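The next block is target.tsv, given as TSV, C-alpha atoms.
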chain	number	residue	atom	x	y	z
A	1	MET	CA	8.18	16.80	-8.17
A	2	LEU	CA	4.73	15.51	-9.14
A	3	ARG	CA	2.07	16.44	-6.65
A	4	VAL	CA	-0.78	13.99	-6.18
A	5	LEU	CA	-3.89	14.59	-4.08
A	6	HIS	CA	-5.70	11.45	-2.92
A	7	VAL	CA	-9.28	11.53	-1.62
A	8	ASP	CA	-10.73	8.44	0.09
A	9	ASP	CA	-12.78	7.93	3.24
A	10	GLU	CA	-11.00	4.64	4.07
A	11	PRO	CA	-7.94	5.13	6.30
A	12	ASP	CA	-6.42	1.80	5.16
A	13	ILE	CA	-6.43	2.93	1.55
A	14	ARG	CA	-5.06	6.39	2.40
A	15	GLU	CA	-2.18	4.82	4.30
A	16	VAL	CA	-1.21	2.43	1.56
A	17	VAL	CA	-1.43	5.10	-1.15
A	18	GLU	CA	0.71	7.45	0.95
A	19	LEU	CA	3.29	4.73	1.27
A	20	SER	CA	3.21	3.56	-2.35
A	21	LEU	CA	3.40	7.03	-3.88
A	22	GLY	CA	5.36	8.66	-1.06
A	23	LEU	CA	8.23	6.26	-1.68
A	24	ASP	CA	8.42	7.22	-5.32
A	25	ALA	CA	11.49	9.38	-5.86
A	26	ASP	CA	9.59	12.15	-7.57
A	27	MET	CA	6.09	12.15	-6.15
A	28	ALA	CA	4.63	14.02	-3.22
A	29	ILE	CA	1.28	12.86	-1.91
A	30	GLN	CA	-1.37	14.58	0.15
A	31	SER	CA	-4.48	12.75	1.31
A	32	CYS	CA	-7.94	13.85	2.36
A	33	PRO	CA	-10.71	11.79	3.97
A	34	SER	CA	-13.66	13.49	2.24
A	35	GLY	CA	-14.70	15.17	-0.98
A	36	ALA	CA	-15.17	18.50	0.80
A	37	GLU	CA	-11.65	18.44	2.21
A	38	GLY	CA	-10.32	17.34	-1.16
A	39	LEU	CA	-11.94	20.37	-2.82
A	40	ALA	CA	-10.41	22.73	-0.27
A	41	ALA	CA	-6.95	21.17	-0.60
A	42	ALA	CA	-7.11	21.26	-4.42
A	43	ALA	CA	-8.09	24.95	-4.45
A	44	GLU	CA	-5.45	25.89	-1.91
A	45	CYS	CA	-2.59	24.31	-3.78
A	46	PRO	CA	-3.59	22.73	-7.12
A	47	PRO	CA	-1.92	19.31	-7.54
A	48	ASP	CA	-0.77	17.70	-10.82
A	49	LEU	CA	-3.35	14.92	-10.42
A	50	ILE	CA	-6.25	13.95	-8.16
A	51	LEU	CA	-7.00	10.33	-7.24
A	52	LEU	CA	-10.64	10.22	-6.25
A	53	ASP	CA	-12.62	7.46	-4.56
A	54	VAL	CA	-16.10	7.01	-6.04
A	55	MET	CA	-18.27	5.91	-3.11
A	56	MET	CA	-17.81	8.18	-0.13
A	57	PRO	CA	-20.31	9.31	2.49
A	58	GLY	CA	-21.32	12.96	2.19
A	59	MET	CA	-19.93	14.11	-1.14
A	60	ASP	CA	-19.21	11.20	-3.47
A	61	GLY	CA	-16.50	11.13	-6.16
A	62	PRO	CA	-18.60	12.20	-9.16
A	63	THR	CA	-20.04	15.15	-7.18
A	64	THR	CA	-16.54	16.15	-6.07
A	65	LEU	CA	-15.40	16.05	-9.70
A	66	ALA	CA	-18.31	18.25	-10.79
A	67	ARG	CA	-17.41	20.79	-8.07
A	68	LEU	CA	-13.78	20.78	-9.10
A	69	ARG	CA	-14.85	21.64	-12.65
A	70	GLU	CA	-16.96	24.57	-11.43
A	71	ASN	CA	-13.99	26.34	-9.87
A	72	PRO	CA	-11.62	27.89	-12.46
A	73	GLN	CA	-8.68	27.23	-10.11
A	74	THR	CA	-9.30	23.48	-10.11
A	75	ALA	CA	-11.20	22.99	-13.38
A	76	ASP	CA	-8.22	21.70	-15.36
A	77	ILE	CA	-6.68	19.31	-12.83
A	78	PRO	CA	-6.76	15.76	-14.22
A	79	VAL	CA	-8.85	13.40	-12.08
A	80	VAL	CA	-8.55	9.60	-11.92
A	81	PHE	CA	-11.28	7.63	-10.18
A	82	MET	CA	-10.45	4.69	-7.96
A	83	THR	CA	-13.23	2.17	-7.70
A	84	ALA	CA	-14.12	-1.47	-7.23
A	85	ARG	CA	-16.72	-0.97	-9.98
A	86	ALA	CA	-14.38	-0.87	-12.93
A	87	GLN	CA	-16.44	-2.70	-15.55
A	88	THR	CA	-16.46	-1.30	-19.09
A	89	ARG	CA	-19.83	0.42	-18.63
A	90	GLU	CA	-18.78	2.16	-15.43
A	91	ILE	CA	-15.43	3.18	-16.92
A	92	GLU	CA	-17.23	4.77	-19.87
A	93	LEU	CA	-19.53	6.61	-17.48
A	94	PHE	CA	-16.62	7.94	-15.41
A	95	LEU	CA	-14.73	9.06	-18.50
A	96	SER	CA	-17.86	10.81	-19.77
A	97	LEU	CA	-17.96	12.76	-16.49
A	98	GLY	CA	-14.53	14.12	-17.37
A	99	ALA	CA	-12.16	11.76	-15.56
A	100	VAL	CA	-8.93	10.98	-17.41
A	101	GLY	CA	-8.91	7.41	-16.17
A	102	VAL	CA	-10.04	4.76	-13.73
A	103	ILE	CA	-7.87	2.63	-11.45
A	104	ALA	CA	-9.51	-0.57	-10.25
A	105	LYS	CA	-9.64	-1.38	-6.55
A	106	PRO	CA	-8.02	-3.40	-5.18
A	107	PHE	CA	-4.81	-2.26	-6.88
A	108	ASP	CA	-1.30	-3.65	-6.50
A	109	PRO	CA	0.49	-1.22	-4.15
A	110	MET	CA	3.85	-2.10	-5.71
A	111	LEU	CA	2.66	-0.97	-9.14
A	112	LEU	CA	0.47	2.01	-8.21
A	113	ALA	CA	3.10	4.71	-8.77
A	114	GLY	CA	3.66	3.48	-12.34
A	115	LEU	CA	-0.08	3.46	-13.04
A	116	VAL	CA	-0.55	6.95	-11.64
A	117	ARG	CA	2.37	8.32	-13.64
A	118	GLN	CA	0.67	7.36	-16.90
A	119	TYR	CA	-2.06	9.87	-16.17
A	120	ILE	CA	0.19	12.81	-15.41
A	121	PRO	CA	0.74	14.85	-18.57
A	122	ASN	CA	4.39	15.13	-19.63
A	123	SER	CA	5.71	13.20	-16.69
A	124	PRO	CA	8.96	11.33	-17.17
A	125	ARG	CA	8.21	7.63	-17.59
A	126	LEU	CA	10.64	6.63	-14.91
A	127	SER	CA	9.49	4.13	-12.40
A	128	SER	CA	11.10	3.88	-9.07
B	28	MET	CA	-1.91	12.42	8.12
B	29	ASN	CA	-4.79	14.22	6.49
B	30	GLY	CA	-4.24	17.45	4.78
B	31	ARG	CA	-0.48	17.45	5.00
B	32	GLU	CA	1.84	16.60	2.22
B	33	HIS	CA	3.61	13.33	2.53
B	34	ARG	CA	6.96	13.10	0.89
B	35	VAL	CA	9.79	10.89	1.90
B	36	THR	CA	12.86	13.05	2.12
B	37	ALA	CA	15.23	10.99	4.27
B	38	LEU	CA	15.57	7.24	3.94
B	39	ARG	CA	18.15	5.86	6.33
B	40	ILE	CA	19.98	2.84	5.00
B	41	LEU	CA	22.47	0.82	7.01
B	42	HIS	CA	24.81	-1.23	4.85
B	43	VAL	CA	26.87	-4.13	6.20
B	44	ASP	CA	29.63	-5.84	4.24
B	45	ASP	CA	33.13	-6.93	5.16
B	46	GLU	CA	34.44	-6.00	1.69
B	47	PRO	CA	35.57	-2.35	1.52
B	48	ASP	CA	35.05	-2.26	-2.29
B	49	ILE	CA	31.42	-3.23	-1.98
B	50	ARG	CA	30.84	-0.69	0.78
B	51	GLU	CA	32.26	1.97	-1.53
B	52	VAL	CA	30.08	0.92	-4.49
B	53	VAL	CA	26.92	0.87	-2.37
B	54	LYS	CA	27.70	4.26	-0.88
B	55	LEU	CA	28.27	5.78	-4.33
B	56	SER	CA	25.22	4.11	-5.89
B	57	LEU	CA	22.78	5.06	-3.16
B	58	GLY	CA	24.30	8.54	-3.14
B	59	LEU	CA	22.66	9.05	-6.56
B	60	ASP	CA	19.35	9.48	-4.74
B	61	PRO	CA	19.28	12.60	-2.56
B	62	ALA	CA	16.71	11.01	-0.23
B	63	PHE	CA	19.09	8.29	0.94
B	64	VAL	CA	21.32	8.68	3.98
B	65	VAL	CA	23.76	5.77	4.14
B	66	ARG	CA	25.84	4.41	6.99
B	67	SER	CA	28.26	1.53	6.40
B	68	CYS	CA	29.56	-1.13	8.77
B	69	ASP	CA	32.26	-3.73	8.19
B	70	SER	CA	30.87	-6.45	10.47
B	71	GLY	CA	27.63	-7.87	11.86
B	72	GLY	CA	28.64	-6.80	15.35
B	73	ALA	CA	29.21	-3.19	14.35
B	74	ALA	CA	25.94	-3.20	12.40
B	75	LEU	CA	23.92	-4.47	15.38
B	76	ALA	CA	25.23	-1.59	17.46
B	77	ALA	CA	24.56	0.92	14.67
B	78	ALA	CA	21.03	-0.47	14.11
B	79	ALA	CA	20.13	-0.13	17.80
B	80	ASP	CA	21.53	3.37	17.90
B	81	TRP	CA	20.18	4.69	14.60
B	82	LEU	CA	17.05	2.57	13.86
B	83	PRO	CA	17.45	2.70	10.08
B	84	ASP	CA	14.55	2.37	7.62
B	85	LEU	CA	16.29	-0.62	6.01
B	86	ILE	CA	19.40	-2.74	6.46
B	87	LEU	CA	21.27	-3.99	3.41
B	88	CYS	CA	23.29	-6.95	4.56
B	89	ASP	CA	25.93	-9.23	3.09
B	90	VAL	CA	25.30	-12.94	3.72
B	91	MET	CA	28.81	-14.37	4.03
B	92	MET	CA	30.87	-12.47	6.57
B	93	PRO	CA	33.46	-13.71	9.07
B	94	VAL	CA	32.53	-14.11	12.77
B	95	MET	CA	28.83	-13.19	12.44
B	96	ASP	CA	27.22	-13.90	9.07
B	97	GLY	CA	24.12	-12.14	7.70
B	98	PRO	CA	21.51	-14.66	8.89
B	99	ALA	CA	23.08	-14.74	12.38
B	100	MET	CA	22.91	-10.97	12.46
B	101	LEU	CA	19.24	-11.02	11.42
B	102	LEU	CA	18.41	-13.39	14.29
B	103	ARG	CA	20.23	-11.18	16.79
B	104	LEU	CA	18.42	-8.13	15.44
B	105	ARG	CA	15.05	-9.84	15.90
B	106	GLU	CA	15.89	-10.81	19.49
B	107	SER	CA	15.73	-7.22	20.64
B	108	SER	CA	12.25	-5.67	20.58
B	109	HIS	CA	13.94	-2.35	19.85
B	110	THR	CA	15.30	-3.52	16.46
B	111	ALA	CA	12.96	-6.45	15.74
B	112	ARG	CA	10.97	-4.57	13.11
B	113	VAL	CA	13.82	-3.14	11.06
B	114	PRO	CA	13.55	-4.68	7.58
B	115	ILE	CA	16.59	-6.51	6.20
B	116	VAL	CA	17.47	-7.10	2.56
B	117	PHE	CA	20.30	-9.52	1.90
B	118	MET	CA	22.87	-9.06	-0.83
B	119	THR	CA	24.16	-12.34	-2.14
B	120	GLY	CA	25.59	-14.09	-5.16
B	121	PHE	CA	23.33	-17.08	-4.47
B	122	THR	CA	19.93	-16.03	-5.71
B	123	HIS	CA	18.48	-19.38	-6.70
B	124	GLY	CA	15.00	-20.23	-5.43
B	125	GLU	CA	16.03	-22.29	-2.43
B	126	GLU	CA	18.56	-19.81	-1.04
B	127	VAL	CA	16.13	-16.93	-1.47
B	128	ASP	CA	13.30	-18.92	0.15
B	129	ALA	CA	15.54	-19.79	3.10
B	130	LEU	CA	16.48	-16.14	3.63
B	131	ARG	CA	12.84	-15.06	3.39
B	132	ALA	CA	11.83	-17.78	5.84
B	133	LEU	CA	14.27	-16.22	8.31
B	134	GLY	CA	12.34	-12.98	7.95
B	135	ALA	CA	14.26	-11.11	5.24
B	136	THR	CA	12.25	-8.56	3.25
B	137	GLY	CA	14.07	-9.51	0.07
B	138	VAL	CA	17.28	-10.30	-1.72
B	139	ILE	CA	19.44	-8.25	-4.07
B	140	ALA	CA	21.75	-10.16	-6.41
B	141	LYS	CA	25.49	-9.73	-6.39
B	142	PRO	CA	27.32	-8.58	-8.40
B	143	LEU	CA	25.45	-5.36	-7.79
B	144	ASP	CA	24.19	-3.20	-10.60
B	145	PRO	CA	25.00	0.30	-9.35
B	146	MET	CA	22.60	1.88	-11.84
B	147	THR	CA	19.53	0.02	-10.59
B	148	LEU	CA	20.38	-0.24	-6.88
B	149	VAL	CA	18.41	2.88	-5.90
B	150	LYS	CA	15.29	1.65	-7.64
B	151	SER	CA	15.62	-1.78	-6.14
B	152	VAL	CA	16.14	-0.46	-2.60
B	153	ARG	CA	13.10	1.82	-2.96
B	154	GLY	CA	11.06	-1.21	-4.09
B	155	HIS	CA	12.17	-3.17	-1.01
B	156	LEU	CA	11.31	-0.22	1.26
B	157	ARG	CA	7.85	-0.12	-0.27
B	158	ASN	CA	7.45	-3.87	0.22
B	159	ALA	CA	8.54	-3.64	3.85
B	160	GLY	CA	6.16	-0.72	4.45
B	161	ILE	CA	3.24	-2.61	2.94
B	162	ALA	CA	4.05	-5.66	5.08
B	163	ALA	CA	3.93	-3.45	8.18
B	164	LEU	CA	0.59	-1.92	7.14
B	165	ARG	CA	-0.73	-5.43	6.40
B	166	GLY	CA	-0.15	-6.37	10.06
B	167	GLY	CA	-2.35	-3.50	11.23
B	168	PHE	CA	-4.96	-4.27	8.60
B	169	VAL	CA	-5.24	-7.92	9.72
B	170	LYS	CA	-5.69	-6.85	13.35
B	171	ARG	CA	-8.48	-4.44	12.40
B	172	MET	CA	-10.06	-7.10	10.19
B	173	HIS	CA	-10.28	-9.48	13.17
B	174	ALA	CA	-11.84	-6.74	15.29
B	175	ASN	CA	-14.33	-5.97	12.51
B	176	ALA	CA	-15.26	-9.64	12.25
B	177	ALA	CA	-16.55	-9.43	15.83
B	178	VAL	CA	-18.72	-6.42	14.89
B	179	LEU	CA	-20.02	-8.24	11.81
B	180	ILE	CA	-20.99	-11.28	13.89
B	181	LYS	CA	-23.09	-9.00	16.08
B	182	CYS	CA	-24.69	-7.43	12.98
B	183	ARG	CA	-25.44	-10.89	11.64
B	184	ALA	CA	-27.37	-11.69	14.84
B	185	ASP	CA	-29.30	-8.42	14.44
B	186	LEU	CA	-30.49	-9.49	10.97
B	187	ALA	CA	-32.95	-11.85	12.66
B	188	ASP	CA	-34.52	-8.95	14.58
B	189	ALA	CA	-37.26	-7.12	12.71
B	190	VAL	CA	-36.40	-3.78	14.31
B	191	LEU	CA	-32.61	-3.96	14.04
B	192	ALA	CA	-32.31	-5.68	10.65
B	193	SER	CA	-32.30	-2.61	8.44
B	194	ALA	CA	-29.61	-0.78	10.44
B	195	ALA	CA	-27.58	-3.99	10.53
B	196	LEU	CA	-27.84	-4.37	6.74
B	197	GLY	CA	-26.56	-0.84	6.26
B	198	GLU	CA	-23.66	-1.42	8.62
B	199	ILE	CA	-22.70	-4.73	6.99
B	200	LYS	CA	-22.86	-3.12	3.56
B	201	ALA	CA	-20.47	-0.33	4.63
B	202	PHE	CA	-18.00	-2.84	6.11
B	203	ALA	CA	-18.22	-5.07	3.04
B	204	HIS	CA	-17.63	-2.16	0.68
B	205	ALA	CA	-14.52	-1.06	2.60
B	206	LEU	CA	-13.15	-4.60	2.76
B	207	ALA	CA	-13.80	-5.26	-0.93
B	208	GLY	CA	-11.63	-2.28	-1.84
B	209	ALA	CA	-8.87	-2.78	0.71
B	210	ALA	CA	-8.29	-6.49	1.40
B	211	GLY	CA	-6.92	-7.30	-2.05
B	212	ILE	CA	-4.41	-4.44	-1.77
B	213	PHE	CA	-2.83	-6.36	1.09
B	214	GLY	CA	-2.96	-9.63	-0.86
B	215	PHE	CA	-6.22	-11.01	0.58
B	216	GLN	CA	-7.99	-11.58	-2.71
B	217	ARG	CA	-10.53	-14.05	-1.32
B	218	VAL	CA	-11.69	-11.55	1.32
B	219	THR	CA	-12.15	-8.95	-1.42
B	220	GLU	CA	-14.23	-11.38	-3.46
B	221	SER	CA	-16.43	-12.51	-0.54
B	222	ALA	CA	-16.90	-8.92	0.60
B	223	ALA	CA	-17.94	-7.84	-2.89
B	224	GLY	CA	-20.38	-10.77	-2.86
B	225	VAL	CA	-21.91	-9.56	0.41
B	226	GLU	CA	-22.24	-6.00	-0.88
B	227	LYS	CA	-23.98	-7.30	-4.01
B	228	VAL	CA	-26.55	-9.45	-2.19
B	229	ILE	CA	-27.32	-6.61	0.21
B	230	ILE	CA	-27.98	-4.25	-2.69
B	231	GLU	CA	-30.33	-6.90	-4.12
B	232	ARG	CA	-31.97	-7.40	-0.71
B	233	LEU	CA	-32.56	-3.66	-0.38
B	234	ARG	CA	-34.29	-3.78	-3.76
B	235	GLY	CA	-36.38	-6.66	-2.45
B	236	ASN	CA	-34.95	-9.05	-5.02
B	237	ASN	CA	-33.37	-11.98	-3.25
B	238	ALA	CA	-34.38	-15.03	-1.32
B	239	PRO	CA	-34.18	-15.08	2.47
B	240	GLY	CA	-30.90	-16.37	3.85
B	241	GLN	CA	-28.73	-15.16	0.96
B	242	VAL	CA	-27.20	-12.27	2.89
B	243	GLU	CA	-26.56	-14.57	5.84
B	244	SER	CA	-24.79	-17.23	3.76
B	245	ALA	CA	-22.69	-14.66	1.86
B	246	LEU	CA	-21.78	-13.10	5.20
B	247	ASP	CA	-20.79	-16.47	6.67
B	248	ARG	CA	-18.43	-17.02	3.74
B	249	LEU	CA	-16.91	-13.58	4.30
B	250	LEU	CA	-16.51	-14.15	8.05
B	251	ALA	CA	-14.74	-17.46	7.41
B	252	ASP	CA	-12.34	-15.75	4.98
B	253	MET	CA	-11.77	-12.84	7.38
B	254	GLN	CA	-10.92	-15.11	10.28
B	255	GLN	CA	-8.39	-17.08	8.28
B	256	PRO	CA	-7.14	-14.68	5.64
B	257	GLN	CA	-5.01	-16.41	3.01
B	258	MET	CA	-2.51	-14.36	1.14
B	259	ALA	CA	-2.59	-14.83	-2.60
B	260	ARG	CA	0.86	-14.94	-4.09
B	261	ARG	CA	1.48	-12.02	-6.33
B	262	GLU	CA	4.40	-11.73	-8.76

Spit out the file's structure as structure tokens when you get a sec.
Amino acid sequence: MLRVLHVDDEPDIREVVELSLGLDADMAIQSCPSGAEGLAAAAECPPDLILLDVMMPGMDGPTTLARLRENPQTADIPVVFMTARAQTREIELFLSLGAVGVIAKPFDPMLLAGLVRQYIPNSPRLSS
Amino acid sequence: MNGREHRVTALRILHVDDEPDIREVVKLSLGLDPAFVVRSCDSGGAALAAAADWLPDLILCDVMMPVMDGPAMLLRLRESSHTARVPIVFMTGFTHGEEVDALRALGATGVIAKPLDPMTLVKSVRGHLRNAGIAALRGGFVKRMHANAAVLIKCRADLADAVLASAALGEIKAFAHALAGAAGIFGFQRVTESAAGVEKVIIERLRGNNAPGQVESALDRLLADMQQPQMARRE
């Protein structure tokens, strides 16, 4: 079972990600509405991957990533940003911050599980 | 939903077919996935009763059956508010464009081709469940979008007021950002584009860079798209 933690302040996006990934035969998804809650959830039970919104009130995505890296328990968890700003320059910036990838918003909810799987190390390339 | 793990562990599938062989194949194929719980019925009448009693996550339904065929069963299912929202996927040998369009027009979530491929049935049923779930979320999203349009119209009026304009700009920007990210997920590509346009002109306005009226006209375009959202065809 691949465990994915999703952090986004938008309830619509959390719902659709829960549905898209939750219906995958071998993914379990947990969602958090803020960077702070995401940090706590990641430390409590480190997931295989974190999907992180970039623009959030309070703690934004890049700050959340920096905090994750500071804590040895969460430092190695791969992080993928989800953002509407997915131009080459922004993607390079996000990767330089230590993200393993960027998923553009809006995404196709039917294809999200397959996209996410590509970023999970050693995951079987099944799509369901 | 926040903070708890979401994992689908029981997916209830009701299968209807008058052919015992097909019922057997479907039961075996879906049994490959431990999350599926399958109940089979040999007629539309029996399936209607089972659907009302069990409220499955999805009905897989044969099209040609004696007495009550698949489409007739779908209509009966929709008549009762209790079962109206249960998604139906038809299984049929006729999967040419017109037949599929006709079944979708009746309200089917999708179509699976017969003869069945037992090895891919699980994957296909999970895909249809996802599609049906997204369609249900889309309904809620559209309702909220209409409600938000009313708020945006009020904000637009506030833009003309020297005192209220800056708060209104901030509020519009937050709405536009959320819509730009979400609308396209539900197939409303034009709303995403207009919302991104509004966000961009507001950022420029906050930097003091754009001509008067630009935010208003971008916002009018967005409001028009929000009030009549057009789904882009994906696939």

Using all atoms listed in the file, which chain B residues lie at most 10 Å away from chain A, written as a PyMOL selection string? chain B and resi 28-36+38+60-62+147+149-158+160-161+164-165+167-168+171+201+204-216+219+223+261

For atom CA of B:Ala203 and atom CA of B:Gly235, determine how far apart the two atoms are, in Å to one decimal place.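 Between these atoms lies a distance of 19.0 Å.
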
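Computed from the coordinates, the atom CA of B:Leu148 to atom CA of B:Leu59 distance equals 9.6 Å.
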
Quick check, in Å to one decimal: how far apart do atom CA of A:Leu112 and atom CA of B:Ala259 lie?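 According to the coordinates, atom CA of A:Leu112 and atom CA of B:Ala259 are separated by 18.0 Å.
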
Neighbouring residues of B:Ala195 were defined as those with any atom within 10 Å, considering all atoms listed in the file; residues of the same chain fewer than 2 positions away were excluded. Please report them as a list in words.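 Once the nearby chain positions are removed, what remains is Leu179, Lys181, Cys182, Arg183, Ala184, Asp185, Leu186, Ala187, Asp188, Val190, Leu191, Ala192, Ser193, Gly197, Glu198, Ile199, Lys200 and Ala201 of chain B.
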
Which residues are near A:Ala75? Cut-off 12 Å, all atoms listed in the file, ignore same chain within fewer than 2 positions. Put them as a VMD selection string. chain A and resid 39 42 to 43 46 to 50 64 to 73 77 to 79 98 to 99

Write out as a count of residues only each polymer residue whose atoms come within 10 Å of B:Arg39, counting all atoms listed in the file; drop sequence neighbours fewer than 3 positions from it. 13

Would you kindly return, as a PyMOL selection string, each protein, DNA or RNA residue with an atom no farther than 12 Å from any atom of B:Leu75, considering all atoms listed in the file and excluding same-chain residues fewer than 3 positions away? chain B and resi 41-43+67-72+78-83+86+88+95-97+99-107+109-111+113+115

Box centre and edge lengths (Å, one decimal), axis-aligned, stretch 180-196 of chain B plus 4 Å each side, as lines of an AutoDock Vina configuration file:
center_x = -29.1
center_y = -6.3
center_z = 11.4
size_x = 24.3
size_y = 19.1
size_z = 17.3

Nearest to B:Ala251, chosen from B:Met172, B:Leu143, B:Ile229, B:Val138, with all atoms listed in the file counted in the distances: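 So, comparing all the options, the nearest one is B:Met172.
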